[in-house]
$ cat query10.csv   # CSV, C-alpha atoms
chain,number,residue,atom,x,y,z
A,78,MET,CA,155.0,129.5,65.2
A,79,ILE,CA,156.8,132.7,66.2
A,80,GLU,CA,159.8,133.5,64.1
A,81,TRP,CA,162.4,136.3,63.5
A,82,ARG,CA,165.7,136.7,61.6
A,83,SER,CA,168.5,139.0,62.3
A,84,GLU,CA,172.3,139.5,62.5
A,85,ALA,CA,173.7,139.0,66.0
A,86,ALA,CA,176.9,138.7,68.0
A,87,LEU,CA,177.4,135.5,69.9
A,88,LEU,CA,177.8,136.1,73.6
A,89,SER,CA,178.0,132.5,75.0
A,90,SER,CA,177.2,128.9,74.5
A,91,ARG,CA,176.8,125.9,76.7
A,92,PRO,CA,176.1,122.2,76.0
A,93,PHE,CA,172.5,121.0,75.7
A,94,GLY,CA,171.7,117.3,75.3
A,95,GLU,CA,174.0,115.0,73.4
A,96,ASN,CA,174.9,117.2,70.4
A,97,GLY,CA,173.2,120.5,70.9
A,98,VAL,CA,174.1,123.8,72.5
A,99,ILE,CA,172.2,126.7,74.0
A,100,ILE,CA,173.5,130.0,72.7
A,101,GLU,CA,172.9,133.6,73.8
A,102,VAL,CA,173.2,136.2,71.1
A,103,PHE,CA,172.9,140.0,71.1
A,104,SER,CA,171.0,141.6,68.2
A,105,ALA,CA,169.9,145.1,67.6
A,106,LEU,CA,166.1,144.6,67.8
A,107,HIS,CA,165.8,141.5,70.0
A,108,GLY,CA,168.5,142.2,72.5
A,109,ARG,CA,170.0,139.3,74.5
A,110,HIS,CA,168.2,136.2,73.3
A,111,ALA,CA,168.8,132.5,74.0
A,112,GLY,CA,167.9,129.5,72.0
A,113,VAL,CA,169.0,125.9,71.2
A,114,VAL,CA,171.2,125.1,68.2
A,115,ARG,CA,170.6,121.5,67.2
A,116,GLY,CA,173.9,119.9,66.3
A,117,GLY,CA,175.8,122.9,67.7
A,118,ALA,CA,178.5,120.7,69.1
A,119,SER,CA,179.2,119.1,65.8
A,120,ARG,CA,182.5,119.4,63.9
A,121,LYS,CA,180.7,121.7,61.4
A,122,LEU,CA,179.1,124.1,63.8
A,123,ALA,CA,181.3,124.1,67.0
A,124,PRO,CA,184.1,126.2,65.3
A,125,VAL,CA,181.4,128.7,64.2
A,126,LEU,CA,179.8,129.1,67.7
A,127,GLN,CA,182.7,131.0,69.4
A,128,PRO,CA,182.2,134.1,71.5
A,129,GLY,CA,182.1,137.3,69.4
A,130,ALA,CA,181.2,135.6,66.2
A,131,GLN,CA,178.9,137.5,63.9
A,132,LEU,CA,176.0,135.3,62.8
A,133,SER,CA,172.9,135.3,60.8
A,134,VAL,CA,170.3,133.8,63.1
A,135,ALA,CA,166.7,132.6,62.6
A,136,TRP,CA,164.8,132.0,65.9
A,137,LYS,CA,161.5,130.2,66.1
A,138,ALA,CA,159.3,128.8,68.9
A,139,ARG,CA,155.7,127.8,69.3
A,140,LEU,CA,155.2,130.4,72.0
A,141,GLU,CA,157.0,133.7,72.8
A,142,SER,CA,157.8,132.4,76.3
A,143,HIS,CA,159.5,129.3,75.0
A,144,LEU,CA,163.3,128.9,74.8
A,145,GLY,CA,163.0,128.2,71.1
A,146,SER,CA,165.7,127.2,68.6
A,147,PHE,CA,168.2,128.9,66.4
A,148,ALA,CA,169.3,128.1,62.9
A,149,VAL,CA,172.7,129.9,62.4
A,150,GLU,CA,174.9,130.9,59.5
A,151,PRO,CA,178.4,132.4,60.0
A,152,ILE,CA,179.0,135.9,58.8
A,153,ARG,CA,182.3,136.8,60.4
A,154,SER,CA,184.5,135.0,62.9
A,155,ARG,CA,186.5,137.1,65.4
A,156,ALA,CA,188.5,134.2,66.8
A,157,ALA,CA,191.4,134.9,64.5
A,158,ALA,CA,191.8,138.4,65.7
A,159,ALA,CA,192.0,137.2,69.3
A,160,MET,CA,194.2,134.2,68.6
A,161,GLY,CA,197.7,134.8,70.0
A,162,ASP,CA,196.9,138.3,71.2
A,163,ARG,CA,196.4,138.5,75.0
A,164,LEU,CA,194.8,141.9,74.9
A,165,ALA,CA,192.3,141.0,72.1
A,166,LEU,CA,191.3,137.8,73.7
A,167,ALA,CA,190.8,139.4,77.1
A,168,GLY,CA,188.8,142.2,75.5
A,169,LEU,CA,186.6,139.9,73.6
A,170,ASN,CA,185.8,137.8,76.7
A,171,ALA,CA,185.2,141.0,78.8
A,172,VAL,CA,182.7,142.4,76.3
A,173,CYS,CA,180.8,139.1,75.9
A,174,SER,CA,180.8,138.4,79.6
A,175,LEU,CA,179.5,141.8,80.6
A,176,LEU,CA,176.8,141.8,78.0
A,177,ALA,CA,175.7,138.3,79.0
A,178,MET,CA,175.4,139.4,82.6
A,179,VAL,CA,173.8,142.9,82.4
A,180,LEU,CA,171.6,143.0,79.4
A,181,PRO,CA,167.9,142.4,80.1
A,182,GLU,CA,166.6,139.4,78.2
A,183,ARG,CA,164.9,140.1,74.9
A,184,GLU,CA,165.0,143.9,75.3
A,185,ALA,CA,166.2,146.0,72.3
A,186,HIS,CA,169.3,148.1,72.7
A,187,GLU,CA,170.1,149.2,69.2
A,188,PRO,CA,172.6,152.0,69.9
A,189,LEU,CA,174.6,149.7,72.2
A,190,TYR,CA,174.5,146.9,69.7
A,191,GLU,CA,176.0,149.2,67.0
A,192,ARG,CA,178.7,150.4,69.5
A,193,THR,CA,179.5,146.8,70.4
A,194,ILE,CA,179.9,145.6,66.8
A,195,ALA,CA,182.2,148.6,66.0
A,196,LEU,CA,184.3,147.7,69.1
A,197,LEU,CA,184.6,144.1,68.2
A,198,ASP,CA,185.6,145.0,64.7
A,199,LEU,CA,188.6,146.8,66.2
A,200,LEU,CA,189.9,143.7,67.9
A,201,GLY,CA,193.7,143.2,67.4
A,202,GLN,CA,194.3,146.9,66.9
A,203,GLN,CA,196.2,147.5,70.1
A,204,ASP,CA,196.9,151.2,69.4
A,205,VAL,CA,193.2,152.1,69.4
A,206,TRP,CA,191.3,149.3,71.2
A,207,PRO,CA,191.8,150.2,74.9
A,208,LEU,CA,190.4,153.7,74.3
A,209,ALA,CA,187.5,152.3,72.2
A,210,TYR,CA,186.8,149.9,75.0
A,211,LEU,CA,186.7,152.7,77.6
A,212,ARG,CA,184.2,154.6,75.5
A,213,TRP,CA,182.1,151.4,75.1
A,214,GLU,CA,181.9,151.0,78.9
A,215,GLN,CA,180.8,154.6,79.2
A,216,ALA,CA,178.1,153.9,76.6
A,217,LEU,CA,177.1,150.7,78.4
A,218,LEU,CA,176.5,152.6,81.6
A,219,GLU,CA,174.5,155.3,79.8
A,220,GLU,CA,172.4,152.7,77.9
A,221,MET,CA,171.6,151.0,81.2
A,222,GLY,CA,170.7,154.2,83.0
A,223,PHE,CA,173.8,154.8,85.0
A,224,ALA,CA,175.6,157.5,82.9
A,225,MET,CA,178.2,159.7,84.6
A,226,ASP,CA,177.7,163.5,84.4
A,227,LEU,CA,181.3,164.9,84.0
A,228,SER,CA,180.3,168.3,82.6
A,229,ALA,CA,180.5,170.4,85.8
A,230,CYS,CA,181.1,170.1,89.5
A,231,ALA,CA,178.2,168.6,91.3
A,232,VAL,CA,178.8,170.9,94.3
A,233,ARG,CA,179.7,174.3,92.9
A,234,GLY,CA,178.7,174.1,89.2
A,235,VAL,CA,182.2,175.1,88.0
A,236,ASN,CA,183.9,173.2,85.2
A,237,GLU,CA,187.5,173.8,86.1
A,238,ASP,CA,189.9,171.5,88.0
A,239,LEU,CA,187.5,168.6,87.9
A,240,ILE,CA,189.5,165.7,89.2
A,241,TYR,CA,187.0,163.5,91.1
A,242,VAL,CA,183.8,161.6,90.5
A,243,SER,CA,181.3,161.2,93.3
A,244,PRO,CA,180.7,157.4,93.9
A,245,LYS,CA,177.1,158.3,95.0
A,246,SER,CA,175.9,160.5,92.2
A,247,GLY,CA,178.3,159.7,89.3
A,248,ARG,CA,178.9,163.5,88.9
A,249,ALA,CA,182.2,165.3,88.6
A,250,VAL,CA,183.6,167.1,91.7
A,251,SER,CA,186.3,169.8,91.7
A,252,ARG,CA,189.5,169.6,93.8
A,253,GLU,CA,188.3,172.4,96.0
A,254,ALA,CA,184.8,171.2,96.5
A,255,ALA,CA,185.9,167.7,97.5
A,256,GLY,CA,187.7,169.0,100.5
A,257,GLU,CA,187.9,166.5,103.4
A,258,TRP,CA,185.9,164.0,101.3
A,259,ALA,CA,188.6,163.7,98.7
A,260,ASP,CA,189.8,160.3,99.9
A,261,ARG,CA,186.2,158.9,99.3
A,262,MET,CA,186.0,160.1,95.7
A,263,LEU,CA,186.8,158.2,92.5
A,264,PRO,CA,189.5,159.6,90.2
A,265,LEU,CA,188.5,161.5,87.1
A,266,PRO,CA,191.3,161.1,84.5
A,267,GLU,CA,190.9,163.6,81.7
A,268,VAL,CA,190.6,160.7,79.2
A,269,LEU,CA,187.2,160.1,80.6
A,270,THR,CA,186.0,163.5,79.3
A,271,GLY,CA,187.8,163.1,76.0
A,272,LYS,CA,190.8,165.1,76.9
A,273,GLY,CA,194.4,164.7,77.9
A,274,ASP,CA,196.6,161.6,78.0
A,275,ALA,CA,195.1,158.5,76.5
A,276,SER,CA,198.0,156.2,77.5
A,277,ASN,CA,197.1,152.7,78.6
A,278,ALA,CA,197.9,153.7,82.2
A,279,GLN,CA,195.4,156.5,82.1
A,280,ILE,CA,192.8,154.4,80.4
A,281,ALA,CA,193.2,151.7,83.1
A,282,LYS,CA,192.8,154.3,85.7
A,283,ALA,CA,189.6,155.5,84.0
A,284,LEU,CA,188.4,151.9,83.8
A,285,GLY,CA,188.7,151.7,87.5
A,286,THR,CA,186.1,154.5,87.8
A,287,THR,CA,183.7,153.1,85.2
A,288,GLY,CA,184.2,149.7,86.7
A,289,TYR,CA,183.0,151.0,90.1
A,290,PHE,CA,179.7,152.0,88.6
A,291,ILE,CA,179.4,148.8,86.6
A,292,GLU,CA,180.0,146.7,89.7
A,293,HIS,CA,178.3,148.7,92.5
A,294,ARG,CA,175.4,150.1,90.5
A,295,LEU,CA,174.7,148.1,87.4
A,296,ILE,CA,175.6,144.6,88.6
A,297,LYS,CA,174.6,145.1,92.2
A,298,GLY,CA,171.0,145.7,91.0
A,299,LEU,CA,171.0,142.2,89.5
A,300,GLY,CA,171.7,140.5,92.8
A,301,ASP,CA,174.7,139.2,94.6
A,302,ARG,CA,177.0,138.7,91.6
A,303,PRO,CA,180.7,139.6,91.2
A,304,MET,CA,182.3,141.5,88.3
A,305,PRO,CA,183.1,139.0,85.5
A,306,ALA,CA,186.7,137.7,85.9
A,307,ALA,CA,187.2,138.4,82.2
A,308,ARG,CA,187.1,142.1,82.9
A,309,THR,CA,189.8,141.9,85.5
A,310,ARG,CA,192.0,140.0,83.1
A,311,LEU,CA,191.4,142.7,80.5
A,312,LEU,CA,192.7,145.4,82.9
A,313,ASP,CA,195.7,143.3,83.6
A,314,ALA,CA,196.3,142.9,79.8
A,315,ILE,CA,196.0,146.7,79.3
A,316,MET,CA,198.6,147.4,82.0
A,317,ARG,CA,200.9,144.7,80.6
A,318,ALA,CA,200.6,146.3,77.2
A,319,GLU,CA,201.6,149.7,78.8
A,320,ARG,CA,204.8,148.2,80.1
A,321,THR,CA,205.9,146.6,76.8

$ encode --input "query10.csv" --output "structure tokens"
Amino acid sequence: MIEWRSEAALLSSRPFGENGVIIEVFSALHGRHAGVVRGGASRKLAPVLQPGAQLSVAWKARLESHLGSFAVEPIRSRAAAAMGDRLALAGLNAVCSLLAMVLPEREAHEPLYERTIALLDLLGQQDVWPLAYLRWEQALLEEMGFAMDLSACAVRGVNEDLIYVSPKSGRAVSREAAGEWADRMLPLPEVLTGKGDASNAQIAKALGTTGYFIEHRLIKGLGDRPMPAARTRLLDAIMRAERT
């Protein structure tokens, strides 16, 4: 038998057989990993197996290539933080949906795991969560090999008046260098570089830029798949929070 134990965040679950579920978790050393939980649909375990939950998991299988099974113990539920909070619920679903879609199976991504747990632990804190989520999307792109370079203009090398991002290179472009191509550029709000206004409106604008690279670079490389609807709902929730 092949076995391992770890802490992990639950990304998704789906029915399996009469009373089981197949779950996908994200752990630091084993990445996105699936397995069967026997009795996972029971009254005892179903409330535990909710997206975002922090679990102690033990996976075992006869061969590495097998689906295998999980034994799970709850560490921390995040359902309460999302209950009754539109922004928190949308954020939780967006994080889990994106990770379930883009993470390579069984590939370690320890820095991203640590960033993800830190982000999920901020759920319910509306004053800091949208900005923390933006930083997480930037970290996701970097971890997956699609980091943006916003340090200097890709055309002239200057680092003043950088207001665009090239959709082709992911590099910053100055106002002057963009010239007649300005309408084809993505916006570069200062909040993307850690400066300026961090209002929800500016964060949503910045998420439009990170979202372009997630959709057209990261997800497109996985086949003909759309951006998770949960992320669209998150942007709507962020803008709604801006107006209240």

$ closest_residue --input "query10.csv" --among "A:Glu101, A:Asp260, A:His107, A:Val172" --to "Leu197 in chain A" --atoms "all atoms listed in the file"
A:Val172

$ residues_around --input "query10.csv" --residues "Trp213 in chain A" --least-positions-apart "4" --cutoff "8 Å" --atoms "all atoms listed in the file" --output "MDAnalysis selection string"
chainID A and resid 192:193 196 209 217

$ write_last_selection --input "query10.csv" --atoms "C-alpha atoms" --output "PDB file, in the coordinates of the input"
ATOM      1  CA  ARG A 192     178.700 150.400  69.500  1.00  0.00           C
ATOM      2  CA  THR A 193     179.500 146.800  70.400  1.00  0.00           C
ATOM      3  CA  LEU A 196     184.300 147.700  69.100  1.00  0.00           C
ATOM      4  CA  ALA A 209     187.500 152.300  72.200  1.00  0.00           C
ATOM      5  CA  LEU A 217     177.100 150.700  78.400  1.00  0.00           C
TER       6      LEU A 217
END

$ atom_distance --input "query10.csv" --atom1 "CA of Leu164 in chain A" --atom2 "CA of Gly129 in chain A"
14.6 Å

$ residues_around --input "query10.csv" --residues "Leu87 in chain A" --least-positions-apart "3" --cutoff "7 Å" --atoms "only C-alpha atoms" --output "PyMOL selection string"
chain A and resi 101-103+127-131

$ closest_atom_pairs --input "query10.csv" --of "range 209-279 of chain A" --to "range 180-184 of chain A" --cutoff "12 Å" --atoms "all atoms listed in the file" --output "tab-separated table"
residue	atom	partner	partner_atom	distance
A:Leu217	CA	A:Leu180	CA	9.5
A:Leu218	CA	A:Leu180	CA	11.0
A:Glu220	CA	A:Leu180	CA	9.8
A:Met221	CA	A:Leu180	CA	8.2
A:Gly222	CA	A:Leu180	CA	11.8

$ closest_atom_pairs --input "query10.csv" --of "range 129-206 of chain A" --to "range 111-119 of chain A" --cutoff "8 Å" --atoms "all atoms listed in the file" --output "Markdown table"
| residue | atom | partner | partner_atom | distance |
| --- | --- | --- | --- | --- |
| A:Trp136 | CA | A:Gly112 | CA | 7.3 |
| A:Leu144 | CA | A:Gly112 | CA | 5.4 |
| A:Gly145 | CA | A:Gly112 | CA | 5.1 |
| A:Ser146 | CA | A:Val113 | CA | 4.4 |
| A:Phe147 | CA | A:Val114 | CA | 5.2 |
| A:Ala148 | CA | A:Val114 | CA | 6.4 |
| A:Val149 | CA | A:Val114 | CA | 7.7 |

$ closest_residue --input "query10.csv" --among "A:Leu269, A:Asn277, A:Tyr241, A:Arg310" --to "Asn170 in chain A" --atoms "all atoms listed in the file"
A:Arg310

$ closest_residue --input "query10.csv" --among "A:Ala229, A:Leu140, A:Ala224, A:Leu88" --to "Thr286 in chain A" --atoms "only C-alpha atoms"
A:Ala224

$ atom_distance --input "query10.csv" --atom1 "CA of His110 in chain A" --atom2 "CA of Ala85 in chain A"
9.6 Å

$ closest_residue --input "query10.csv" --among "A:Asp301, A:Arg109, A:Ser90, A:Ile79" --to "Ala138 in chain A" --atoms "only C-alpha atoms"
A:Ile79

$ atom_distance --input "query10.csv" --atom1 "CA of Asn236 in chain A" --atom2 "CA of Arg294 in chain A"
25.2 Å

$ residues_around --input "query10.csv" --residues "range 185-190 of chain A" --least-positions-apart "4" --cutoff "6 Å" --atoms "only C-alpha atoms" --output "count of residues only"
4

$ residues_around --input "query10.csv" --residues "Gln202 in chain A" --least-positions-apart "2" --cutoff "12 Å" --atoms "only C-alpha atoms" --output "ChimeraX atom specification"
/A:158-159,162-166,168,196-200,204-210

$ decode --input "query10.csv" --residues "range 142-172 of chain A" --atoms "N, CA, C and O atoms" --output "PDB file, in the first residue's frame"
ATOM      1  N   SER A 142      -0.987   5.079  -9.204  1.00  0.00           N
ATOM      2  CA  SER A 142      -1.897   5.508 -10.271  1.00  0.00           C
ATOM      3  C   SER A 142      -3.370   5.363  -9.916  1.00  0.00           C
ATOM      4  O   SER A 142      -4.235   5.864 -10.640  1.00  0.00           O
ATOM      5  N   HIS A 143      -3.687   4.692  -8.818  1.00  0.00           N
ATOM      6  CA  HIS A 143      -5.081   4.481  -8.423  1.00  0.00           C
ATOM      7  C   HIS A 143      -5.689   5.749  -7.822  1.00  0.00           C
ATOM      8  O   HIS A 143      -4.982   6.602  -7.290  1.00  0.00           O
ATOM      9  N   LEU A 144      -7.005   5.839  -7.900  1.00  0.00           N
ATOM     10  CA  LEU A 144      -7.722   6.947  -7.273  1.00  0.00           C
ATOM     11  C   LEU A 144      -7.481   6.960  -5.771  1.00  0.00           C
ATOM     12  O   LEU A 144      -7.217   8.005  -5.171  1.00  0.00           O
ATOM     13  N   GLY A 145      -7.553   5.815  -5.134  1.00  0.00           N
ATOM     14  CA  GLY A 145      -7.292   5.719  -3.706  1.00  0.00           C
ATOM     15  C   GLY A 145      -8.433   6.237  -2.854  1.00  0.00           C
ATOM     16  O   GLY A 145      -9.473   6.686  -3.354  1.00  0.00           O
ATOM     17  N   SER A 146      -8.242   6.166  -1.549  1.00  0.00           N
ATOM     18  CA  SER A 146      -9.284   6.605  -0.610  1.00  0.00           C
ATOM     19  C   SER A 146      -8.689   7.506   0.455  1.00  0.00           C
ATOM     20  O   SER A 146      -7.504   7.422   0.789  1.00  0.00           O
ATOM     21  N   PHE A 147      -9.532   8.375   0.974  1.00  0.00           N
ATOM     22  CA  PHE A 147      -9.161   9.287   2.047  1.00  0.00           C
ATOM     23  C   PHE A 147      -9.879   8.917   3.340  1.00  0.00           C
ATOM     24  O   PHE A 147     -11.074   8.605   3.327  1.00  0.00           O
ATOM     25  N   ALA A 148      -9.158   8.997   4.429  1.00  0.00           N
ATOM     26  CA  ALA A 148      -9.769   9.108   5.755  1.00  0.00           C
ATOM     27  C   ALA A 148      -9.583  10.561   6.165  1.00  0.00           C
ATOM     28  O   ALA A 148      -8.489  11.130   5.994  1.00  0.00           O
ATOM     29  N   VAL A 149     -10.623  11.189   6.658  1.00  0.00           N
ATOM     30  CA  VAL A 149     -10.563  12.620   6.935  1.00  0.00           C
ATOM     31  C   VAL A 149     -10.965  12.931   8.368  1.00  0.00           C
ATOM     32  O   VAL A 149     -11.803  12.246   8.953  1.00  0.00           O
ATOM     33  N   GLU A 150     -10.331  13.969   8.906  1.00  0.00           N
ATOM     34  CA  GLU A 150     -10.713  14.517  10.208  1.00  0.00           C
ATOM     35  C   GLU A 150     -10.766  16.023  10.080  1.00  0.00           C
ATOM     36  O   GLU A 150      -9.858  16.629   9.498  1.00  0.00           O
ATOM     37  N   PRO A 151     -11.812  16.657  10.612  1.00  0.00           N
ATOM     38  CA  PRO A 151     -11.923  18.113  10.482  1.00  0.00           C
ATOM     39  C   PRO A 151     -10.912  18.849  11.362  1.00  0.00           C
ATOM     40  O   PRO A 151     -10.639  18.432  12.490  1.00  0.00           O
ATOM     41  N   ILE A 152     -10.355  19.902  10.833  1.00  0.00           N
ATOM     42  CA  ILE A 152      -9.492  20.804  11.598  1.00  0.00           C
ATOM     43  C   ILE A 152     -10.192  22.149  11.778  1.00  0.00           C
ATOM     44  O   ILE A 152     -10.305  22.664  12.884  1.00  0.00           O
ATOM     45  N   ARG A 153     -10.674  22.680  10.661  1.00  0.00           N
ATOM     46  CA  ARG A 153     -11.324  23.986  10.731  1.00  0.00           C
ATOM     47  C   ARG A 153     -12.332  24.113   9.596  1.00  0.00           C
ATOM     48  O   ARG A 153     -12.010  23.867   8.435  1.00  0.00           O
ATOM     49  N   SER A 154     -13.540  24.498   9.941  1.00  0.00           N
ATOM     50  CA  SER A 154     -14.560  24.766   8.929  1.00  0.00           C
ATOM     51  C   SER A 154     -14.549  26.250   8.590  1.00  0.00           C
ATOM     52  O   SER A 154     -14.349  27.093   9.472  1.00  0.00           O
ATOM     53  N   ARG A 155     -14.743  26.556   7.331  1.00  0.00           N
ATOM     54  CA  ARG A 155     -14.828  27.968   6.930  1.00  0.00           C
ATOM     55  C   ARG A 155     -16.234  28.316   6.457  1.00  0.00           C
ATOM     56  O   ARG A 155     -16.461  29.413   5.960  1.00  0.00           O
ATOM     57  N   ALA A 156     -17.160  27.375   6.621  1.00  0.00           N
ATOM     58  CA  ALA A 156     -18.536  27.612   6.193  1.00  0.00           C
ATOM     59  C   ALA A 156     -19.180  28.745   6.982  1.00  0.00           C
ATOM     60  O   ALA A 156     -19.926  29.552   6.430  1.00  0.00           O
ATOM     61  N   ALA A 157     -18.872  28.819   8.284  1.00  0.00           N
ATOM     62  CA  ALA A 157     -19.489  29.857   9.123  1.00  0.00           C
ATOM     63  C   ALA A 157     -19.084  31.250   8.667  1.00  0.00           C
ATOM     64  O   ALA A 157     -19.887  32.184   8.694  1.00  0.00           O
ATOM     65  N   ALA A 158     -17.818  31.392   8.229  1.00  0.00           N
ATOM     66  CA  ALA A 158     -17.336  32.700   7.780  1.00  0.00           C
ATOM     67  C   ALA A 158     -18.047  33.145   6.506  1.00  0.00           C
ATOM     68  O   ALA A 158     -18.205  34.347   6.258  1.00  0.00           O
ATOM     69  N   ALA A 159     -18.470  32.174   5.689  1.00  0.00           N
ATOM     70  CA  ALA A 159     -19.128  32.503   4.428  1.00  0.00           C
ATOM     71  C   ALA A 159     -20.644  32.607   4.561  1.00  0.00           C
ATOM     72  O   ALA A 159     -21.294  33.215   3.710  1.00  0.00           O
ATOM     73  N   MET A 160     -21.192  32.030   5.613  1.00  0.00           N
ATOM     74  CA  MET A 160     -22.638  32.001   5.777  1.00  0.00           C
ATOM     75  C   MET A 160     -23.191  33.414   5.970  1.00  0.00           C
ATOM     76  O   MET A 160     -22.769  34.152   6.853  1.00  0.00           O
ATOM     77  N   GLY A 161     -24.118  33.787   5.108  1.00  0.00           N
ATOM     78  CA  GLY A 161     -24.751  35.085   5.231  1.00  0.00           C
ATOM     79  C   GLY A 161     -23.908  36.249   4.775  1.00  0.00           C
ATOM     80  O   GLY A 161     -24.299  37.405   4.957  1.00  0.00           O
ATOM     81  N   ASP A 162     -22.736  35.993   4.175  1.00  0.00           N
ATOM     82  CA  ASP A 162     -21.847  37.050   3.703  1.00  0.00           C
ATOM     83  C   ASP A 162     -21.603  36.802   2.219  1.00  0.00           C
ATOM     84  O   ASP A 162     -20.858  35.907   1.835  1.00  0.00           O
ATOM     85  N   ARG A 163     -22.247  37.594   1.376  1.00  0.00           N
ATOM     86  CA  ARG A 163     -22.181  37.377  -0.071  1.00  0.00           C
ATOM     87  C   ARG A 163     -20.745  37.418  -0.591  1.00  0.00           C
ATOM     88  O   ARG A 163     -20.338  36.587  -1.416  1.00  0.00           O
ATOM     89  N   LEU A 164     -19.963  38.377  -0.110  1.00  0.00           N
ATOM     90  CA  LEU A 164     -18.577  38.514  -0.582  1.00  0.00           C
ATOM     91  C   LEU A 164     -17.739  37.317  -0.157  1.00  0.00           C
ATOM     92  O   LEU A 164     -16.967  36.763  -0.951  1.00  0.00           O
ATOM     93  N   ALA A 165     -17.876  36.890   1.092  1.00  0.00           N
ATOM     94  CA  ALA A 165     -17.092  35.761   1.586  1.00  0.00           C
ATOM     95  C   ALA A 165     -17.457  34.477   0.852  1.00  0.00           C
ATOM     96  O   ALA A 165     -16.577  33.691   0.472  1.00  0.00           O
ATOM     97  N   LEU A 166     -18.747  34.257   0.637  1.00  0.00           N
ATOM     98  CA  LEU A 166     -19.183  33.043  -0.064  1.00  0.00           C
ATOM     99  C   LEU A 166     -18.676  33.041  -1.499  1.00  0.00           C
ATOM    100  O   LEU A 166     -18.171  32.024  -1.997  1.00  0.00           O
ATOM    101  N   ALA A 167     -18.789  34.197  -2.172  1.00  0.00           N
ATOM    102  CA  ALA A 167     -18.306  34.287  -3.551  1.00  0.00           C
ATOM    103  C   ALA A 167     -16.803  34.083  -3.605  1.00  0.00           C
ATOM    104  O   ALA A 167     -16.282  33.420  -4.505  1.00  0.00           O
ATOM    105  N   GLY A 168     -16.097  34.650  -2.633  1.00  0.00           N
ATOM    106  CA  GLY A 168     -14.645  34.507  -2.605  1.00  0.00           C
ATOM    107  C   GLY A 168     -14.211  33.075  -2.366  1.00  0.00           C
ATOM    108  O   GLY A 168     -13.299  32.569  -3.031  1.00  0.00           O
ATOM    109  N   LEU A 169     -14.855  32.413  -1.425  1.00  0.00           N
ATOM    110  CA  LEU A 169     -14.534  31.018  -1.127  1.00  0.00           C
ATOM    111  C   LEU A 169     -14.744  30.142  -2.365  1.00  0.00           C
ATOM    112  O   LEU A 169     -13.874  29.332  -2.722  1.00  0.00           O
ATOM    113  N   ASN A 170     -15.867  30.334  -3.037  1.00  0.00           N
ATOM    114  CA  ASN A 170     -16.156  29.528  -4.219  1.00  0.00           C
ATOM    115  C   ASN A 170     -15.205  29.831  -5.369  1.00  0.00           C
ATOM    116  O   ASN A 170     -14.819  28.926  -6.123  1.00  0.00           O
ATOM    117  N   ALA A 171     -14.818  31.102  -5.515  1.00  0.00           N
ATOM    118  CA  ALA A 171     -13.893  31.472  -6.584  1.00  0.00           C
ATOM    119  C   ALA A 171     -12.529  30.827  -6.380  1.00  0.00           C
ATOM    120  O   ALA A 171     -11.939  30.281  -7.318  1.00  0.00           O
ATOM    121  N   VAL A 172     -12.011  30.889  -5.161  1.00  0.00           N
ATOM    122  CA  VAL A 172     -10.704  30.302  -4.866  1.00  0.00           C
ATOM    123  C   VAL A 172     -10.716  28.800  -5.131  1.00  0.00           C
ATOM    124  O   VAL A 172      -9.842  28.252  -5.818  1.00  0.00           O
TER     125      VAL A 172
END
